[in-house]
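Enquirer: Take a look at this one; I'll ask things after.
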Amino acid sequence: MTIKIASRMAQIRPAATIAVNQKAAALRAQGREIISLAFGEPDFDTPEHIRDAAKRAIDAGETRYPPIAGTPALNLAIRNKLERENRLQFKEDQIVVTCGAKQAIFNLLLAVLNENDEVIIPAPYWVSYPDMVKLAGGQPVILNAGEDSDFKITPRQLESAVNEDTRLLILNSPSNPTGKVYSAAEYRALGKVLAEHPRLIIVCDDIYEHIYWGSANFSTLLNQCPELTARTVVINGVSKAYAMTGWRIGYAAGPVEVIETMRKIQGQSTSGACSISQAAAAAALDGPQDCLVPMREAFRQRHDFVVSALNAIDGVECPSADGAFYAFPSFEQVIERMEHMRDDVDLAEWLLENAGVGLVPGTAFGAPGRLRLSFAASMDVLADCIGRIDRALSSAG
């Protein structure tokens with residue numbers, strides 16, 4: 001008997017970051033010494049006061065099904081955080097807590113997209129955006145933002161891409177994979193275009209908000225364009241900033257009708273996010289924020305080291321970033337000079353085999369010729385990895 005898989009799945013790719021780690025694990029199982037820098041996961045422990053809050057929740061018996069939209073305590077903590085840090089005011093019914101920011105985005109796409117609605121996605125993009133759009137029945141429209149525009153889309157690009165089928169725009173700042181951040185002026189310029197297209201919903205994926213070291217204060221779109229509040233959804237969570245990836249807590253804040261529909265979808269899928277994790281997330285958002293400083297400083301120091309070290313490798317060009325914990329260097333010159341090397345996918349596989357380092361091909365992010373390296377690892381590990389890459393490329397000629 002042959003089981004027939006849904007036809008929609010034919011256009012969906014496995015997540016590239018997971019695929020690299022699976023290959024790395026297979027090589028380790030063979031006895032190879034492999035280091036993977038593919039996953040975007042902080043290497044710090046969750047701060048103690050957050051772990052303590054989870055333990056108290058367990059001891060207090062907070063182990064039953066939580067509300068689908070999130071516990072009252074976490075809902076309030078999210079609203080307080082958005083007002084305190086982002087100067088944004090939302091009501092209780094404008095918040096939904098999800099099993100990670102990824103689920104928030106997925107639920108949102110299911111909530112607002114009809115078949116063949118178009119979603120504008122700036123490239124380089126996070127690997128899951130296009131496939132999630134396809135699963136929701138939409139059509140991803142990729143806008144290529146290269147190094148000449150600092151990897152950010154321009155108002156002219158946005159205007160040229162919008163048509164009667166355009167339903168949604170995704171903005172991610174700081175960006176995965178480039179670490180680039182939209183400035184206040186850039187947001188205002190995009191806002192002028194968006195104001196002319198009232199049917200278009202905007203998604204602001206701000207999950208790397210606290211991993212930012214730019215000279216200006218962090219700004220999200222609504223800080224600069226409050227007139228777009230009625231059709232903007234802010235996505236965030238505790239995974240990256242508080243080293244809580246495994247706790248799986250994200251959230252969305254936005255228009256009541258959109259959030260209400262997202263809650264309905266969640267009620268028919270996962271139901272509420274883990275009750276213990278929600279108690280921990282409330283402590284993260286309400287508690288002392290000084291725990292963020294050493295982690296952010298460590299990421300900045302690693303960024304400076306990695307960018308400098310990669311640029312010292314012949315044929316590699318690595319731009320600097322303003323946040324997140326990724327380097328996104330170009331290996332185009334390396335690919336051109338290496339015999340039988342077709343593209344960045346080939347190079348990533350070659351480096352895994354010959355250098356023992358797992359990197360993610362830029363093609364997965366809509367940016368061929370580049371590789372993404374996560375510097376959420378110790379300085380010793382990063383120095384080892386870059387040394388391995390340098391030696392392997394040098395030996396290849």
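Within each chain, counting starts at residue 1; across the structure tokens, chains are named A, B, ... in the order shown, with ligands numbered 1 upward in that order.
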Leaving out Glu257 (chain A) and any residue of its chain fewer than 5 positions from it, which residues lie within 12 Å of it when counting only C-alpha atoms, given as a list of chain:residue names?
Expert: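 The residues that qualify are A:Asp93, A:Gln94, A:Ile95, A:Val96, A:Leu108, A:Ala111, A:Val112, A:Ala230, A:Arg231, A:Thr232, A:Val233, A:Met262, A:Arg263, A:Lys264.
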Enquirer: Can I get the selected residues back with all heavy atoms, as a tab-separated table (two decimals), in the first residue's frame?
Expert:
chain	number	residue	atom	x	y	z
A	93	ASP	N	-7.42	41.81	25.15
A	93	ASP	CA	-7.90	41.00	24.03
A	93	ASP	C	-7.10	41.20	22.75
A	93	ASP	O	-7.45	40.65	21.70
A	93	ASP	CB	-9.39	41.27	23.77
A	93	ASP	CG	-9.69	42.73	23.46
A	93	ASP	OD1	-8.76	43.57	23.49
A	93	ASP	OD2	-10.88	43.04	23.20
A	94	GLN	N	-6.00	41.94	22.84
A	94	GLN	CA	-5.13	42.14	21.68
A	94	GLN	C	-3.83	41.33	21.78
A	94	GLN	O	-2.91	41.54	21.01
A	94	GLN	CB	-4.77	43.63	21.53
A	94	GLN	CG	-5.95	44.51	21.14
A	94	GLN	CD	-5.53	45.95	20.97
A	94	GLN	OE1	-5.40	46.70	21.95
A	94	GLN	NE2	-5.30	46.35	19.73
A	95	ILE	N	-3.80	40.39	22.73
A	95	ILE	CA	-2.60	39.59	22.98
A	95	ILE	C	-2.93	38.11	22.86
A	95	ILE	O	-3.98	37.66	23.35
A	95	ILE	CB	-2.04	39.86	24.40
A	95	ILE	CG1	-1.74	41.36	24.61
A	95	ILE	CG2	-0.80	39.00	24.66
A	95	ILE	CD1	-0.61	41.89	23.79
A	96	VAL	N	-2.05	37.34	22.24
A	96	VAL	CA	-2.14	35.89	22.28
A	96	VAL	C	-0.75	35.32	22.54
A	96	VAL	O	0.24	35.76	21.95
A	96	VAL	CB	-2.75	35.29	20.98
A	96	VAL	CG1	-1.90	35.63	19.76
A	96	VAL	CG2	-2.92	33.78	21.10
A	108	LEU	N	-0.93	33.49	12.49
A	108	LEU	CA	-1.30	34.75	11.84
A	108	LEU	C	-1.54	34.55	10.35
A	108	LEU	O	-2.53	35.03	9.79
A	108	LEU	CB	-0.20	35.79	12.06
A	108	LEU	CG	-0.32	37.09	11.26
A	108	LEU	CD1	-1.59	37.84	11.63
A	108	LEU	CD2	0.90	37.97	11.48
A	111	ALA	N	-4.69	32.90	9.74
A	111	ALA	CA	-5.83	33.75	10.10
A	111	ALA	C	-6.21	34.75	9.02
A	111	ALA	O	-7.39	35.09	8.87
A	111	ALA	CB	-5.52	34.49	11.41
A	112	VAL	N	-5.22	35.22	8.24
A	112	VAL	CA	-5.52	36.35	7.34
A	112	VAL	C	-5.39	36.03	5.86
A	112	VAL	O	-5.86	36.82	5.03
A	112	VAL	CB	-4.62	37.56	7.68
A	112	VAL	CG1	-4.81	37.99	9.13
A	112	VAL	CG2	-3.15	37.28	7.39
A	230	ALA	N	-3.71	49.92	13.35
A	230	ALA	CA	-4.91	49.12	13.12
A	230	ALA	C	-4.68	47.92	12.23
A	230	ALA	O	-5.54	47.03	12.14
A	230	ALA	CB	-6.02	50.00	12.53
A	231	ARG	N	-3.52	47.84	11.56
A	231	ARG	CA	-3.25	46.69	10.68
A	231	ARG	C	-1.80	46.18	10.80
A	231	ARG	O	-1.25	45.65	9.86
A	231	ARG	CB	-3.57	47.03	9.23
A	231	ARG	CG	-2.97	48.32	8.70
A	231	ARG	CD	-3.64	48.67	7.37
A	231	ARG	NE	-3.20	49.94	6.84
A	231	ARG	CZ	-2.24	50.08	5.93
A	231	ARG	NH1	-1.64	49.01	5.45
A	231	ARG	NH2	-1.92	51.27	5.46
A	232	THR	N	-1.24	46.35	11.99
A	232	THR	CA	0.11	45.84	12.25
A	232	THR	C	0.08	44.85	13.41
A	232	THR	O	-0.57	45.10	14.43
A	232	THR	CB	1.08	46.99	12.59
A	232	THR	OG1	1.17	47.86	11.46
A	232	THR	CG2	2.47	46.46	12.92
A	233	VAL	N	0.77	43.73	13.24
A	233	VAL	CA	0.89	42.72	14.29
A	233	VAL	C	2.36	42.63	14.70
A	233	VAL	O	3.24	42.44	13.85
A	233	VAL	CB	0.39	41.35	13.81
A	233	VAL	CG1	0.56	40.31	14.93
A	233	VAL	CG2	-1.06	41.42	13.36
A	262	MET	N	-6.57	34.23	15.59
A	262	MET	CA	-5.38	33.44	15.95
A	262	MET	C	-5.66	32.58	17.18
A	262	MET	O	-5.22	31.42	17.26
A	262	MET	CB	-4.19	34.37	16.22
A	262	MET	CG	-3.68	35.08	14.97
A	262	MET	SD	-2.40	36.31	15.33
A	262	MET	CE	-1.07	35.27	15.94
A	263	ARG	N	-6.40	33.11	18.13
A	263	ARG	CA	-6.77	32.33	19.31
A	263	ARG	C	-7.65	31.14	18.92
A	263	ARG	O	-7.49	30.03	19.44
A	263	ARG	CB	-7.52	33.22	20.31
A	263	ARG	CG	-6.66	34.29	20.99
A	263	ARG	CD	-7.51	35.15	21.90
A	263	ARG	NE	-6.72	36.05	22.72
A	263	ARG	CZ	-7.23	36.81	23.70
A	263	ARG	NH1	-8.53	36.77	23.96
A	263	ARG	NH2	-6.44	37.61	24.40
A	264	LYS	N	-8.56	31.37	17.98
A	264	LYS	CA	-9.45	30.31	17.52
A	264	LYS	C	-8.65	29.18	16.87
A	264	LYS	O	-8.90	27.99	17.12
A	264	LYS	CB	-10.46	30.88	16.52
A	264	LYS	CG	-11.54	29.89	16.07
A	264	LYS	CD	-12.38	30.49	14.94
A	264	LYS	CE	-13.08	31.76	15.37
A	264	LYS	NZ	-13.95	32.26	14.26
Enquirer: Please identify all polymer residues within 7 Å of Ser36 (chain A), counting only C-alpha atoms, omitting same-chain residues fewer than 2 positions from it, and present them as an MDAnalysis selection string.
Expert: chainID A and resid 21 24 34 38 357:359
Enquirer: Using only C-alpha atoms, determine which residues lie at most 9 Å from Tyr242 (chain A), disregarding the query and same-chain residues fewer than 6 positions distant; provide the list as a ChimeraX atom specification.
Expert: /A:42,44-47,50,281,284,291-292,295
Enquirer: Pick out the closest residue to Leu373 (chain A) from this set: A:Pro177, A:Glu260, A:Gly70, A:Asp346. Count only C-alpha atoms.
Expert: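 Ranking A:Pro177, A:Glu260, A:Gly70, A:Asp346 by distance to Leu373 (chain A), first place goes to A:Pro177.
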Enquirer: Tell me, as a ChimeraX atom specification, which residues lie within 10 Å of region 266-276 of chain A, counting only C-alpha atoms; anything in the same chain fewer than 5 positions away does not count.
Expert: /A:51,53-58,61-71,96-100,103-104,107,247-250,260-261,281
Enquirer: Residues of region 75-137 of chain A in strand (DSSP E or B) according to DSSP, as a PyMOL selection string?
Expert: chain A and resi 95-98+118-123
Enquirer: Generate a file of the selected residues that holds N, CA and C atoms, formatted as a PDB file, in the first residue's frame.
Expert:
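Saved as result-v9.pdb:
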ATOM      1  N   ILE A  95      -3.799  40.393  22.728  1.00  0.00           N
ATOM      2  CA  ILE A  95      -2.601  39.591  22.980  1.00  0.00           C
ATOM      3  C   ILE A  95      -2.934  38.106  22.863  1.00  0.00           C
ATOM      4  N   VAL A  96      -2.051  37.343  22.236  1.00  0.00           N
ATOM      5  CA  VAL A  96      -2.142  35.888  22.277  1.00  0.00           C
ATOM      6  C   VAL A  96      -0.748  35.319  22.539  1.00  0.00           C
ATOM      7  N   VAL A  97      -0.686  34.369  23.471  1.00  0.00           N
ATOM      8  CA  VAL A  97       0.562  33.683  23.795  1.00  0.00           C
ATOM      9  C   VAL A  97       0.605  32.380  23.001  1.00  0.00           C
ATOM     10  N   THR A  98       1.756  32.070  22.420  1.00  0.00           N
ATOM     11  CA  THR A  98       1.876  30.917  21.533  1.00  0.00           C
ATOM     12  C   THR A  98       3.063  30.037  21.926  1.00  0.00           C
ATOM     13  N   GLU A 118      -0.901  37.250  -1.826  1.00  0.00           N
ATOM     14  CA  GLU A 118       0.548  37.424  -1.894  1.00  0.00           C
ATOM     15  C   GLU A 118       1.105  38.014  -0.600  1.00  0.00           C
ATOM     16  N   VAL A 119       2.265  37.506  -0.201  1.00  0.00           N
ATOM     17  CA  VAL A 119       2.964  37.987   0.993  1.00  0.00           C
ATOM     18  C   VAL A 119       4.349  38.457   0.572  1.00  0.00           C
ATOM     19  N   ILE A 120       4.651  39.710   0.822  1.00  0.00           N
ATOM     20  CA  ILE A 120       5.954  40.266   0.470  1.00  0.00           C
ATOM     21  C   ILE A 120       6.960  39.916   1.566  1.00  0.00           C
ATOM     22  N   ILE A 121       8.054  39.264   1.135  1.00  0.00           N
ATOM     23  CA  ILE A 121       9.100  38.832   2.053  1.00  0.00           C
ATOM     24  C   ILE A 121      10.432  39.389   1.577  1.00  0.00           C
ATOM     25  N   PRO A 122      11.035  40.316   2.311  1.00  0.00           N
ATOM     26  CA  PRO A 122      12.368  40.800   1.934  1.00  0.00           C
ATOM     27  C   PRO A 122      13.404  39.687   2.073  1.00  0.00           C
ATOM     28  N   ALA A 123      14.300  39.611   1.109  1.00  0.00           N
ATOM     29  CA  ALA A 123      15.407  38.645   1.152  1.00  0.00           C
ATOM     30  C   ALA A 123      16.715  39.393   1.304  1.00  0.00           C
TER      31      ALA A 123
END
Enquirer: Could you pull out all residues of region 107-343 of chain A with a DSSP call of helix (DSSP H, G or I) and give them as a VMD selection string?
Expert: chain A and resid 107 to 112 128 to 135 147 to 149 155 to 161 184 to 195 221 to 224 226 to 231 245 to 247 256 to 267 275 to 286 292 to 311 332 to 337
Enquirer: Find, counting only C-alpha atoms, the residue in A:Ile313, A:Ala321, A:Val345, A:Ile211 that gets nearest to Ala392 (chain A).
Expert: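 The closest residue to Ala392 (chain A) is A:Ile313.
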Enquirer: How many Å lie between CA of Asn114 (chain A) and CA of Asn144 (chain A), rounded to one decimal?
Expert: 24.4 Å
Enquirer: Let me make sure I understand: among A:Ser320, A:Thr178, A:Ser183, A:Ser330, which one has the smallest atom-to-atom distance to Asp304 (chain A) if we use only C-alpha atoms?
Expert: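 Result for the nearest residue to Asp304 (chain A): A:Ser320.
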Enquirer: Counting only C-alpha atoms, what is within 12 Å of Phe39 (chain A), bar same-chain residues fewer than 3 positions away, as a ChimeraX atom specification?
Expert: /A:15-22,24,35-36,42-43,127,176-177,240,245,325-326,358-360,372-377
